[in-house]
Structures are given as C-alpha cells and as structure tokens.
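Source file: model34.cif. Holds: mmCIF, C-alpha atoms and all ligand atoms.
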data_model
loop_
_atom_site.label_atom_id
_atom_site.label_comp_id
_atom_site.auth_asym_id
_atom_site.auth_seq_id
_atom_site.Cartn_x
_atom_site.Cartn_y
_atom_site.Cartn_z
CA MET A 1 -24.25 7.80 -4.77
CA GLY A 2 -24.84 4.34 -6.11
CA GLY A 3 -23.91 0.98 -4.74
CA LEU A 4 -24.25 -2.74 -5.11
CA GLY A 5 -27.66 -2.30 -3.56
CA SER A 6 -28.66 -0.35 -6.67
CA GLY A 7 -27.50 -3.26 -8.81
CA ARG A 8 -24.59 -1.61 -10.55
CA ARG A 9 -20.86 -1.26 -10.22
CA ILE A 10 -19.41 1.66 -8.27
CA ARG A 11 -18.06 4.30 -10.65
CA VAL A 12 -14.55 5.25 -9.56
CA ALA A 13 -12.63 8.14 -11.11
CA LEU A 14 -8.87 8.00 -10.74
CA ALA A 15 -6.45 10.86 -10.04
CA GLY A 16 -2.74 10.21 -10.62
CA LEU A 17 -1.57 8.01 -13.48
CA GLY A 18 2.03 7.24 -12.60
CA ARG A 19 3.51 3.89 -11.51
CA MET A 20 0.69 3.04 -9.12
CA GLY A 21 -2.13 4.90 -10.83
CA ARG A 22 -1.71 2.96 -14.07
CA ILE A 23 -2.08 -0.32 -12.19
CA HIS A 24 -5.30 0.94 -10.58
CA ALA A 25 -6.52 2.24 -13.94
CA ASP A 26 -6.07 -1.12 -15.66
CA ASN A 27 -7.63 -2.99 -12.76
CA LEU A 28 -10.67 -0.70 -12.62
CA ALA A 29 -11.05 -0.90 -16.40
CA PHE A 30 -10.51 -4.63 -16.92
CA ARG A 31 -10.43 -6.69 -13.74
CA CYS A 32 -12.62 -5.31 -10.98
CA THR A 33 -16.12 -6.72 -10.74
CA ALA A 34 -17.67 -4.38 -8.14
CA ALA A 35 -16.03 -1.16 -9.37
CA ARG A 36 -15.46 0.36 -12.77
CA LEU A 37 -13.36 3.19 -14.11
CA ALA A 38 -15.41 6.37 -14.62
CA GLY A 39 -12.65 8.73 -15.78
CA VAL A 40 -8.99 9.57 -15.34
CA TYR A 41 -7.15 12.72 -14.38
CA ASP A 42 -3.44 13.51 -14.12
CA ALA A 43 -1.69 16.85 -13.77
CA ASP A 44 0.10 15.83 -16.97
CA ALA A 45 -2.62 16.29 -19.62
CA GLU A 46 -0.80 14.18 -22.19
CA ARG A 47 -0.62 11.31 -19.74
CA THR A 48 -4.35 11.72 -19.03
CA ASP A 49 -5.15 11.59 -22.74
CA ASP A 50 -2.98 8.51 -23.32
CA VAL A 51 -4.60 6.50 -20.54
CA ALA A 52 -8.12 7.73 -21.32
CA PHE A 53 -7.72 6.77 -24.97
CA ARG A 54 -6.26 3.35 -24.17
CA LEU A 55 -8.98 2.52 -21.65
CA ASP A 56 -11.80 4.30 -23.47
CA VAL A 57 -12.88 6.46 -20.53
CA PRO A 58 -13.30 10.25 -20.19
CA ALA A 59 -10.10 12.30 -19.89
CA VAL A 60 -10.84 14.72 -17.04
CA ARG A 61 -9.05 18.07 -17.08
CA SER A 62 -9.08 18.97 -13.38
CA PHE A 63 -9.78 17.47 -9.97
CA ASP A 64 -12.71 19.89 -9.63
CA ASP A 65 -14.22 18.59 -12.87
CA LEU A 66 -13.86 15.08 -11.57
CA LEU A 67 -15.64 16.01 -8.33
CA ALA A 68 -18.39 17.90 -10.15
CA ASP A 69 -19.36 14.84 -12.18
CA ASP A 70 -22.57 13.26 -10.83
CA ALA A 71 -21.69 10.06 -12.68
CA VAL A 72 -18.72 9.59 -10.32
CA ASP A 73 -19.45 7.82 -7.03
CA ALA A 74 -15.92 7.66 -5.70
CA VAL A 75 -12.37 8.77 -6.36
CA ALA A 76 -9.14 6.82 -6.14
CA ILE A 77 -6.07 8.96 -5.41
CA ALA A 78 -2.67 7.81 -6.63
CA THR A 79 -0.98 11.19 -6.92
CA PRO A 80 2.29 11.98 -5.08
CA THR A 81 2.01 11.67 -1.30
CA ALA A 82 2.31 15.43 -0.70
CA THR A 83 -0.98 16.02 -2.54
CA HIS A 84 -3.12 13.31 -0.88
CA ALA A 85 -4.48 15.11 2.19
CA GLU A 86 -5.84 18.06 0.24
CA LEU A 87 -7.40 15.87 -2.46
CA VAL A 88 -8.96 13.54 0.13
CA THR A 89 -10.47 16.51 1.94
CA ARG A 90 -11.84 18.07 -1.24
CA ALA A 91 -13.32 14.77 -2.39
CA ALA A 92 -14.94 14.14 0.99
CA LEU A 93 -16.40 17.66 1.05
CA ALA A 94 -17.88 16.96 -2.40
CA GLY A 95 -19.51 13.80 -1.02
CA LYS A 96 -17.33 11.34 -2.95
CA HIS A 97 -16.09 8.15 -1.35
CA VAL A 98 -12.30 8.04 -1.29
CA PHE A 99 -9.65 5.42 -1.85
CA CYS A 100 -6.21 6.90 -1.17
CA GLU A 101 -2.74 5.52 -1.63
CA LYS A 102 -0.47 5.34 1.40
CA PRO A 103 0.66 7.34 3.26
CA ILE A 104 -2.17 9.88 3.53
CA SER A 105 0.30 12.65 4.24
CA LEU A 106 3.76 13.23 5.67
CA ASP A 107 2.14 15.83 7.92
CA ARG A 108 0.41 13.95 10.76
CA ASP A 109 -2.09 16.76 11.45
CA ALA A 110 -3.05 17.04 7.80
CA ALA A 111 -3.56 13.27 7.60
CA ALA A 112 -5.76 13.27 10.70
CA ALA A 113 -7.77 16.24 9.39
CA ALA A 114 -8.40 14.42 6.09
CA VAL A 115 -9.51 11.27 7.91
CA HIS A 116 -11.83 13.30 10.12
CA GLN A 117 -13.32 15.14 7.15
CA ALA A 118 -14.10 11.83 5.45
CA ALA A 119 -15.86 10.69 8.62
CA ARG A 120 -17.77 13.98 8.96
CA SER A 121 -18.87 13.76 5.32
CA GLY A 122 -20.06 10.20 5.88
CA VAL A 123 -18.09 8.81 2.95
CA VAL A 124 -16.20 5.53 2.84
CA PHE A 125 -12.47 6.11 3.20
CA GLN A 126 -9.98 3.36 2.46
CA VAL A 127 -6.21 3.47 2.31
CA GLY A 128 -3.99 1.42 -0.02
CA PHE A 129 -2.71 -1.31 2.29
CA HIS A 130 -3.14 -3.91 -0.43
CA ARG A 131 -1.58 -6.83 1.44
CA ARG A 132 -4.76 -7.00 3.55
CA PHE A 133 -6.54 -8.09 0.35
CA ASP A 134 -4.04 -10.58 -1.02
CA PRO A 135 -5.54 -14.10 -0.95
CA ASP A 136 -2.42 -15.61 0.67
CA TRP A 137 -2.25 -13.08 3.52
CA VAL A 138 -6.03 -13.24 3.97
CA ALA A 139 -5.93 -17.04 4.28
CA ALA A 140 -3.10 -16.82 6.81
CA VAL A 141 -4.96 -14.25 8.90
CA GLN A 142 -8.15 -16.33 8.87
CA ARG A 143 -6.25 -19.33 10.22
CA ILE A 144 -4.42 -17.25 12.82
CA ARG A 145 -7.75 -15.74 13.96
CA ALA A 146 -9.24 -19.25 14.12
CA GLY A 147 -6.51 -20.17 16.62
CA GLU A 148 -4.70 -22.69 14.38
CA LEU A 149 -1.30 -21.02 14.84
CA GLY A 150 -1.53 -20.99 18.63
CA GLU A 151 0.28 -18.24 20.45
CA VAL A 152 2.19 -15.91 18.11
CA LEU A 153 5.89 -15.91 18.97
CA LEU A 154 7.50 -14.11 16.05
CA PHE A 155 6.44 -11.99 13.07
CA ARG A 156 8.91 -11.53 10.22
CA SER A 157 8.42 -9.50 7.05
CA SER A 158 10.58 -8.39 4.13
CA LEU A 159 9.88 -5.78 1.50
CA ARG A 160 12.65 -5.25 -1.02
CA ASP A 161 12.54 -3.49 -4.35
CA LYS A 162 14.56 -4.84 -7.24
CA LEU A 163 15.41 -1.35 -8.44
CA SER A 164 15.14 1.93 -6.60
CA PRO A 165 12.40 4.39 -7.68
CA ASP A 166 13.60 7.53 -9.45
CA PRO A 167 15.24 10.27 -7.33
CA GLN A 168 12.30 12.66 -7.75
CA PHE A 169 9.93 10.11 -6.22
CA LEU A 170 12.37 9.42 -3.37
CA THR A 171 12.65 13.10 -2.47
CA GLY A 172 8.90 13.35 -1.86
CA SER A 173 8.39 9.88 -0.46
CA GLY A 174 8.88 10.67 3.23
CA GLY A 175 11.76 8.21 3.48
CA LEU A 176 12.01 4.44 3.57
CA PHE A 177 10.20 4.03 6.89
CA ARG A 178 7.10 6.06 5.94
CA ASP A 179 7.03 5.02 2.30
CA VAL A 180 7.95 1.31 2.43
CA MET A 181 8.10 -0.04 5.98
CA ILE A 182 4.61 1.37 6.58
CA HIS A 183 3.27 -1.64 4.62
CA ASP A 184 5.06 -4.14 6.88
CA LEU A 185 4.02 -2.25 9.99
CA ASP A 186 0.39 -2.32 8.93
CA THR A 187 0.71 -6.02 8.13
CA ALA A 188 2.26 -6.61 11.55
CA ARG A 189 -0.60 -5.07 13.49
CA TRP A 190 -3.20 -6.63 11.20
CA MET A 191 -1.75 -10.14 11.59
CA VAL A 192 -0.50 -10.04 15.19
CA GLY A 193 -1.85 -7.03 17.08
CA GLU A 194 -0.76 -3.65 18.38
CA VAL A 195 2.92 -2.79 18.57
CA ALA A 196 4.33 -1.50 21.87
CA GLU A 197 7.88 -0.58 20.88
CA ILE A 198 10.19 -0.33 17.88
CA THR A 199 13.95 -0.36 17.53
CA ALA A 200 15.09 0.45 14.01
CA THR A 201 18.26 1.16 12.16
CA GLY A 202 19.19 1.99 8.59
CA ALA A 203 22.08 2.32 6.19
CA ALA A 204 22.81 4.34 3.07
CA PRO A 205 25.70 2.87 1.10
CA ALA A 206 28.26 5.38 -0.15
CA GLY A 207 27.40 6.61 -3.62
CA SER A 208 23.74 5.52 -3.38
CA GLY A 209 22.57 9.13 -2.91
CA PHE A 210 20.32 8.28 0.04
CA ALA A 211 22.40 9.96 2.73
CA GLU A 212 22.29 13.22 0.75
CA ILE A 213 18.47 13.31 0.97
CA GLY A 214 18.44 12.27 4.64
CA ASP A 215 17.11 8.81 3.85
CA VAL A 216 18.22 5.20 4.11
CA HIS A 217 18.54 2.58 1.41
CA THR A 218 18.29 -0.47 3.67
CA ALA A 219 16.57 -0.73 7.04
CA ALA A 220 15.86 -3.24 9.76
CA ALA A 221 13.41 -2.98 12.62
CA MET A 222 12.69 -5.03 15.71
CA LEU A 223 9.19 -4.89 17.17
CA ARG A 224 7.76 -5.86 20.52
CA PHE A 225 4.00 -6.37 20.40
CA THR A 226 1.82 -5.49 23.39
CA ASP A 227 1.18 -9.18 24.02
CA GLY A 228 4.91 -9.92 24.17
CA ALA A 229 5.44 -11.37 20.66
CA LEU A 230 8.47 -10.17 18.73
CA GLY A 231 8.78 -8.89 15.18
CA LEU A 232 11.51 -8.42 12.58
CA ILE A 233 11.22 -6.34 9.42
CA ASP A 234 13.77 -5.70 6.69
CA ASN A 235 13.48 -3.35 3.75
CA CYS A 236 15.77 -2.59 0.84
CA ARG A 237 15.42 -0.08 -2.01
CA SER A 238 17.38 -2.14 -4.54
CA ALA A 239 17.90 -5.79 -3.75
CA GLY A 240 18.96 -6.47 -7.32
CA TYR A 241 17.73 -10.06 -7.65
CA GLY A 242 14.03 -9.15 -7.84
CA TYR A 243 11.12 -7.74 -5.89
CA GLU A 244 10.49 -9.51 -2.62
CA CYS A 245 7.50 -9.27 -0.34
CA SER A 246 7.41 -12.14 2.12
CA THR A 247 5.90 -12.58 5.56
CA GLU A 248 6.16 -15.28 8.18
CA VAL A 249 4.39 -15.73 11.50
CA VAL A 250 5.82 -18.30 13.88
CA GLY A 251 3.36 -19.65 16.44
CA SER A 252 3.33 -22.21 19.23
CA ALA A 253 1.24 -24.63 17.13
CA ALA A 254 2.16 -23.77 13.52
CA THR A 255 4.12 -21.40 11.33
CA VAL A 256 2.77 -19.66 8.24
CA ARG A 257 5.17 -18.47 5.57
CA ILE A 258 4.02 -16.43 2.58
CA ASP A 259 6.55 -16.11 -0.19
CA GLN A 260 5.77 -16.43 -3.86
CA PRO A 261 8.81 -15.02 -5.59
CA ALA A 262 8.40 -16.81 -8.93
CA ARG A 263 6.98 -14.93 -11.86
CA ARG A 264 6.06 -18.17 -13.62
CA ASN A 265 5.43 -21.68 -12.37
CA TYR A 266 8.46 -23.36 -13.85
CA GLU A 267 11.97 -24.21 -12.75
CA TRP A 268 14.88 -24.30 -15.15
CA ARG A 269 17.04 -27.27 -14.18
CA THR A 270 20.64 -27.78 -15.18
CA PRO A 271 23.14 -30.21 -13.63
CA GLY A 272 23.10 -29.58 -9.90
CA GLN A 273 21.02 -26.41 -10.17
CA ALA A 274 17.47 -25.17 -10.52
CA SER A 275 16.46 -21.59 -11.22
CA VAL A 276 13.13 -19.78 -11.34
CA PRO A 277 12.28 -16.44 -12.94
CA LEU A 278 11.64 -13.88 -10.19
CA VAL A 279 9.03 -11.12 -10.02
CA ALA A 280 10.44 -7.69 -10.80
CA ASP A 281 8.10 -5.28 -9.03
CA PHE A 282 4.95 -4.83 -6.97
CA GLU A 283 2.70 -5.05 -10.01
CA GLU A 284 3.95 -8.56 -10.81
CA ARG A 285 3.98 -9.63 -7.17
CA PHE A 286 0.36 -8.66 -6.49
CA PRO A 287 -1.84 -9.63 -9.44
CA PHE A 288 -4.83 -10.13 -7.12
CA ALA A 289 -4.42 -7.77 -4.16
CA TYR A 290 -4.63 -4.49 -6.09
CA VAL A 291 -7.81 -5.68 -7.80
CA ALA A 292 -9.32 -7.02 -4.59
CA GLU A 293 -8.68 -3.84 -2.60
CA LEU A 294 -10.66 -1.74 -5.10
CA ASP A 295 -13.46 -4.29 -5.27
CA ALA A 296 -13.57 -4.35 -1.46
CA PHE A 297 -13.74 -0.54 -1.46
CA ALA A 298 -16.70 -0.69 -3.86
CA VAL A 299 -18.41 -3.36 -1.75
CA ALA A 300 -17.95 -1.22 1.38
CA ILE A 301 -19.63 1.66 -0.48
CA GLY A 302 -22.41 -0.53 -1.80
CA THR A 303 -23.16 -2.16 1.54
CA GLY A 304 -22.38 0.81 3.78
CA SER A 305 -19.83 -1.23 5.72
CA GLN A 306 -16.52 -0.21 7.24
CA PRO A 307 -13.59 -0.82 4.86
CA GLU A 308 -10.84 -3.24 5.88
CA ALA A 309 -8.03 -0.63 5.83
CA ASP A 310 -9.55 2.59 7.09
CA GLY A 311 -8.35 6.02 8.20
CA ALA A 312 -7.57 4.90 11.73
CA ASP A 313 -5.40 2.05 10.38
CA ALA A 314 -3.60 4.54 8.15
CA LEU A 315 -2.83 6.83 11.08
CA VAL A 316 -1.61 4.05 13.38
CA ALA A 317 0.67 2.64 10.67
CA PHE A 318 1.99 6.13 9.96
CA ASP A 319 2.75 6.65 13.65
CA LEU A 320 4.62 3.35 13.73
CA ALA A 321 6.63 4.38 10.68
CA CYS A 322 7.49 7.70 12.35
CA ALA A 323 8.56 5.80 15.46
CA ALA A 324 10.84 3.60 13.36
CA ASP A 325 12.30 6.68 11.69
CA GLU A 326 12.87 8.29 15.11
CA SER A 327 14.53 5.15 16.43
CA TRP A 328 16.93 5.12 13.47
CA ARG A 329 17.77 8.81 13.96
CA THR A 330 18.23 8.66 17.75
CA GLY A 331 19.59 5.15 18.15
CA ARG A 332 16.97 4.49 20.83
CA THR A 333 14.03 2.16 21.22
CA VAL A 334 10.78 4.08 20.79
CA ARG A 335 7.66 3.18 22.74
CA VAL A 336 4.43 3.74 20.84
CA GLY A 337 0.87 4.34 21.96
CA LYS A 338 -2.11 2.41 20.72
CA GLU A 339 -4.48 5.28 20.03
CA SER A 340 -3.59 7.35 16.99
CA ALA A 341 -6.87 8.67 15.61
N1 LIG A 401 0.42 0.56 -2.50
C1 LIG A 401 1.54 0.40 -3.18
O1 LIG A 401 2.01 -0.71 -3.35
C2 LIG A 401 2.21 1.60 -3.79
C3 LIG A 401 3.24 1.41 -4.73
C4 LIG A 401 3.80 2.56 -5.31
C5 LIG A 401 3.38 3.82 -4.94
N2 LIG A 401 2.38 3.95 -4.02
C6 LIG A 401 1.90 5.28 -3.63
O2 LIG A 401 1.21 5.83 -4.73
C7 LIG A 401 1.42 7.24 -4.79
C8 LIG A 401 1.95 7.60 -6.18
O3 LIG A 401 3.17 6.95 -6.34
P1 LIG A 401 3.74 6.65 -7.82
O4 LIG A 401 4.93 5.81 -7.63
O5 LIG A 401 2.64 6.17 -8.70
O6 LIG A 401 4.17 8.12 -8.26
P2 LIG A 401 4.49 8.65 -9.72
O7 LIG A 401 5.38 9.82 -9.54
O8 LIG A 401 4.89 7.53 -10.61
O9 LIG A 401 3.05 9.15 -10.27
C9 LIG A 401 2.38 10.27 -9.75
C10 LIG A 401 1.47 10.80 -10.85
O10 LIG A 401 0.65 11.84 -10.29
C11 LIG A 401 0.64 12.96 -11.18
N3 LIG A 401 0.35 14.15 -10.38
C12 LIG A 401 1.22 14.91 -9.65
N4 LIG A 401 0.55 15.85 -8.95
C13 LIG A 401 -0.77 15.69 -9.27
C14 LIG A 401 -1.96 16.36 -8.88
N5 LIG A 401 -1.94 17.36 -7.99
N6 LIG A 401 -3.13 15.95 -9.44
C15 LIG A 401 -3.17 14.94 -10.34
N7 LIG A 401 -2.07 14.27 -10.74
C16 LIG A 401 -0.89 14.62 -10.19
C17 LIG A 401 1.98 12.94 -11.87
O11 LIG A 401 1.93 13.62 -13.11
C18 LIG A 401 2.20 11.43 -12.03
O12 LIG A 401 1.64 10.95 -13.24
C19 LIG A 401 2.39 7.59 -3.65
O13 LIG A 401 1.66 8.08 -2.57
C20 LIG A 401 3.02 6.25 -3.30
O14 LIG A 401 3.38 6.16 -1.94
C21 LIG A 401 1.79 2.87 -3.45
#
Would you put the structure from the file into structure tokens?
Ligand SMILES: NC(=O)c1ccc[n+]([C@@H]2O[C@H](COP(=O)([O-])OP(=O)(O)OC[C@H]3O[C@@H](n4cnc5c(N)ncnc54)[C@H](O)[C@@H]3O)[C@@H](O)[C@H]2O)c1
Amino acid sequence: MGGLGSGRRIRVALAGLGRMGRIHADNLAFRCTAARLAGVYDADAERTDDVAFRLDVPAVRSFDDLLADDAVDAVAIATPTATHAELVTRAALAGKHVFCEKPISLDRDAAAAAVHQAARSGVVFQVGFHRRFDPDWVAAVQRIRAGELGEVLLFRSSLRDKLSPDPQFLTGSGGLFRDVMIHDLDTARWMVGEVAEITATGAAPAGSGFAEIGDVHTAAAMLRFTDGALGLIDNCRSAGYGYECSTEVVGSAATVRIDQPARRNYEWRTPGQASVPLVADFEERFPFAYVAELDAFAVAIGTGSQPEADGADALVAFDLACAADESWRTGRTVRVGKESA
C-alpha cells in the first residue's frame, strides 16, 4: 500500500459507473491531487469500456480482478446500495482501503459487519458524506467550533432534487429518509452535535408512484439535539425549479447560511425582475466537495489518519434516518441513542 509518505498519489480503482460513479471517475482522473484513477469496473461491461476508453485507464472485468491488482491501493464503491456491504467487506479482506457511497447498506447488521471488517483489516474506511468536504460547510463548521456563532439555537437544512431519479433507482434506494435525508442528518450532527429525538412526516402526491413503493416524495423532520437546540430538515424528490442543498445554523451570536443556488455568477435583469440560472443536480452543486472528499480519503491513507466521515459516522447517520422513517410510519416522536457502532 502506498501513500503520500511514499511520494506518490494513492491509486484508487472505482466500482460502479452510474450517476455518482461517473462523477468520481472524472474527479479521480482529472481533478484530484492526492488520488488518481487506477481502473474502472462496472457490472455493465460496455459502460466499463466506455469510461475506461474516455479516461484512458484499465477496464477491469470483475471486482475480484480489481482486488487482485497490486497496483491498486484503494477502491471507491459507487454501485447500488444493496451491493455495498459485500463489496466493502471483500475489499477490506483483500487489504484495500475503501471509500463507499452512502448508505453502506439497508441492512443495519450488514453495515456494521462491513465497518468492523474494515477496522479489523486495518484499512481506511470513508463514507460519501461529501458536504463535510465542501469549502462553504467546512468554513462554517470552523467558525462554529471557534465559538463565533455562540450557542446554537436552530439548525435548518434542505435537500431537494430538481427531477426524481429513475424508478429502478428509487426501488433499491431504501426510501427518502435513508437515501436523501441521511445527508442532512449527518450534516446536523457534524455541525451541531448528537441528536436526541426526531419527529418526521412525509407525503406522496397522488400519481407520483411513491406510495406504491412504500416511499415518500416529500418529507419534513424536526430534531431535538441533546444540548437542547432544535433542527428542521426538508427534502423533496422533484422540486422542479432546480437542485437545492442549503443549510443554516442560527446561533446566539451569529447565523450562518449556506446557499449557492446559481449555476453561473450572473443575474438577468428585466424591468422589475432579476433572474439567475439555477443548478440542476448534485454534480453542478458540488464542484469541489466530491473532489475534496476523495483527496481527503487519499490523505488519510497516506498519513494513516482517521478519515473525516468514517464507519461510525455512517452508522449513526443511518440510525437517525431509520428513526425518521419510523417516526413517519408511526406518527410518533422517536428517541435515538448516541452509540451506534
Ligand atoms: N453522495 C451523493 O451525493 C450521492 C448521489 C447519488 C448517488 N449516491 C449513491 O451512490 C450509489 C450509486 O448510485 P447511482 O445513482 O450512481 O446509481 P446508478 O444506478 O446510476 O449506477 C449504479 C452503477 O453500478 C453498476 N452496478 C450494479 N451492480 C454492480 C456490481 N455488483 N458491481 C459493479 N457495478 C455494479 C450499474 O451497472 C450502474 O452503472 C448509491 O449507493 C447512492 O446512494 C450518492
């Protein structure tokens, strides 16, 4: 296993080349400075060949081949959620460091087993909570930690897609709470602290198809943090106007608001009106965070340090998402424990 200490970039092979995997592939190939793309693998061989040709890296034919390659230090997993736990476990057993998209699994025991195997194997394990690496959120957290915000009174976060993912993705996603709200829940505990209780609700408009798969299209959650602060989260699968990811933390001394909805830095002004072009999806919204999370993963490998978003964080966020889902289903407030590992 190499590292920054050995004076070279960490060689990361990527499994899964769909919506998210292609973003990681391009970032590893063109934008990361501490990591580089060592090969790509997708269950769809044609897709593998297309990406490998475009990025001029080896097209790998199986996950085993990818693990058997001594020139690979680490794997990044962006396959469907149902496959993550097994692939994480196999990679860890093969001694490869692992970056895995969220959530690790929809099966809590399988997720915990994968996290434990990574720890037993002594490999770095990081999960894809990219907001922890976005420069705006990082700056806000640094100032909150420095005490500039004072006492946190309220956390508010929105995550809304412009257009809903395709039905096949939705069926295997684990539902809005585990697939989408998990990001806001991780952000909440990262920015403010542990959550003590959640009250959530959701709606599936007639004709949207969400009720038929036991899911919701729009959801809202209220949080109470252990220190007494309150939180509000809203999510929507198709907001129509654009992709929104915004967060606000209201404190006794200051308020920080992160919202950068414009795709370009211009306003179009007409009499009495100004309009801006809005970002359409997570790729446009996070030009830096997805690069930074993979570079941070490589730095953690190179320096032997603990990654920012680790297995324990993944499990706590998953438990919070399950609590939100339970609250929606039962109509009750759900109290949550702090220890999830
Ligand atoms: N962090 C984020 O912002 C973010 C955004 C979107 C998706 N995700 C996560 O990324 C993961 C993938 O989501 P997506 O939207 O890219 O899905 P997708 O369906 O677009 O892509 C999945 C890809 O994996 C391939 N695949 C399926 N089974 C495989 C296997 N066993 N081995 C190798 N390849 C396999 C498919 O052929 C497909 O190309 C999910 O876990 C999702 O939750 C994270």
**Message:** Which residues are near Gln306 in chain A? Cut-off 10 Å, all atoms listed in the file, ignore same chain within fewer than 5 positions. Put them as number ranges by chain.
**Reply:** A: 124-126, 297, 299-301
**Pick from A:Ile213, A:Ala146, A:Ile182, A:Val336 nearest to ligand LIG 401 (chain A), counting all atoms listed in the file** =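 Of A:Ile213, A:Ala146, A:Ile182, A:Val336, the one nearest ligand LIG 401 (chain A) is A:Ile182, counting all atoms listed in the file.
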**Message:** List the spatial neighbours of range 308-324 of chain A as a list of chain:residue names - criterion: any atom at most 7 Å away, only C-alpha atoms, same-chain residues fewer than 3 positions off excluded.
**Reply:**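 Close residues of range 308-324 of chain A: A:Pro103, A:Val115, A:Phe125, A:Gln126, A:Val127, A:Phe129, A:Phe177, A:Arg178, A:Met181, A:Ile182, A:Leu185, A:Asp186, A:Ile198, A:Thr199, A:Ala200, A:Ser327, A:Trp328, A:Val334, A:Ser340, A:Ala341.
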**Item:** Minimum-distance residue to ligand LIG 401 (chain A), chosen among A:Gly95, A:Pro287, A:Pro261, A:Pro205 (using all atoms listed in the file)
**Value:**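 The answer is A:Pro287, which sits nearest to ligand LIG 401 (chain A).
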**Message:** Can you pull out every residue with an atom within 7 Å of ligand LIG 401 (chain A)? Use all atoms listed in the file and format it as a list in words.
**Reply:** Ala15, Gly16, Leu17, Gly18, Arg19, Met20, Gly21, Tyr41, Asp42, Ala43, Asp44, Arg47, Phe63, Ala78, Thr79, Pro80, Thr81, Thr83, Glu101, Lys102, Pro103, Gly128, Phe129, His130, Phe169, Ser173, Asp179 and Phe282 of chain A
**Item:** Distance in Å - CA of Ala59 in chain A versus CA of Glu283 in chain A
**Value:**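 That distance, rounded to one decimal, is 23.7 Å.
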**Request:** Could you tell me which of A:Ile77, A:Leu278, A:Leu153, A:Val141 comes closest to Arg22 in chain A if we count all atoms listed in the file?
**Result:**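 Once distances to Arg22 in chain A are computed over all atoms listed in the file, the minimum belongs to A:Ile77.
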**Request:** Determine the nearest neighbour of Leu106 in chain A from the options A:Gly174, A:Ala92, A:Ala119, A:Glu197, counting all atoms listed in the file.
**Result:**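 With all atoms listed in the file as the atom set, the closest residue is A:Gly174.
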**Request:** Please determine the residues with any atom at most 9 Å from (5.7, -16.7, 4.5) (coordinates as given in the file, with all atoms listed in the file counting) and report them as a PyMOL selection string.
**Result:** chain A and resi 137+156-157+246-249+255-260
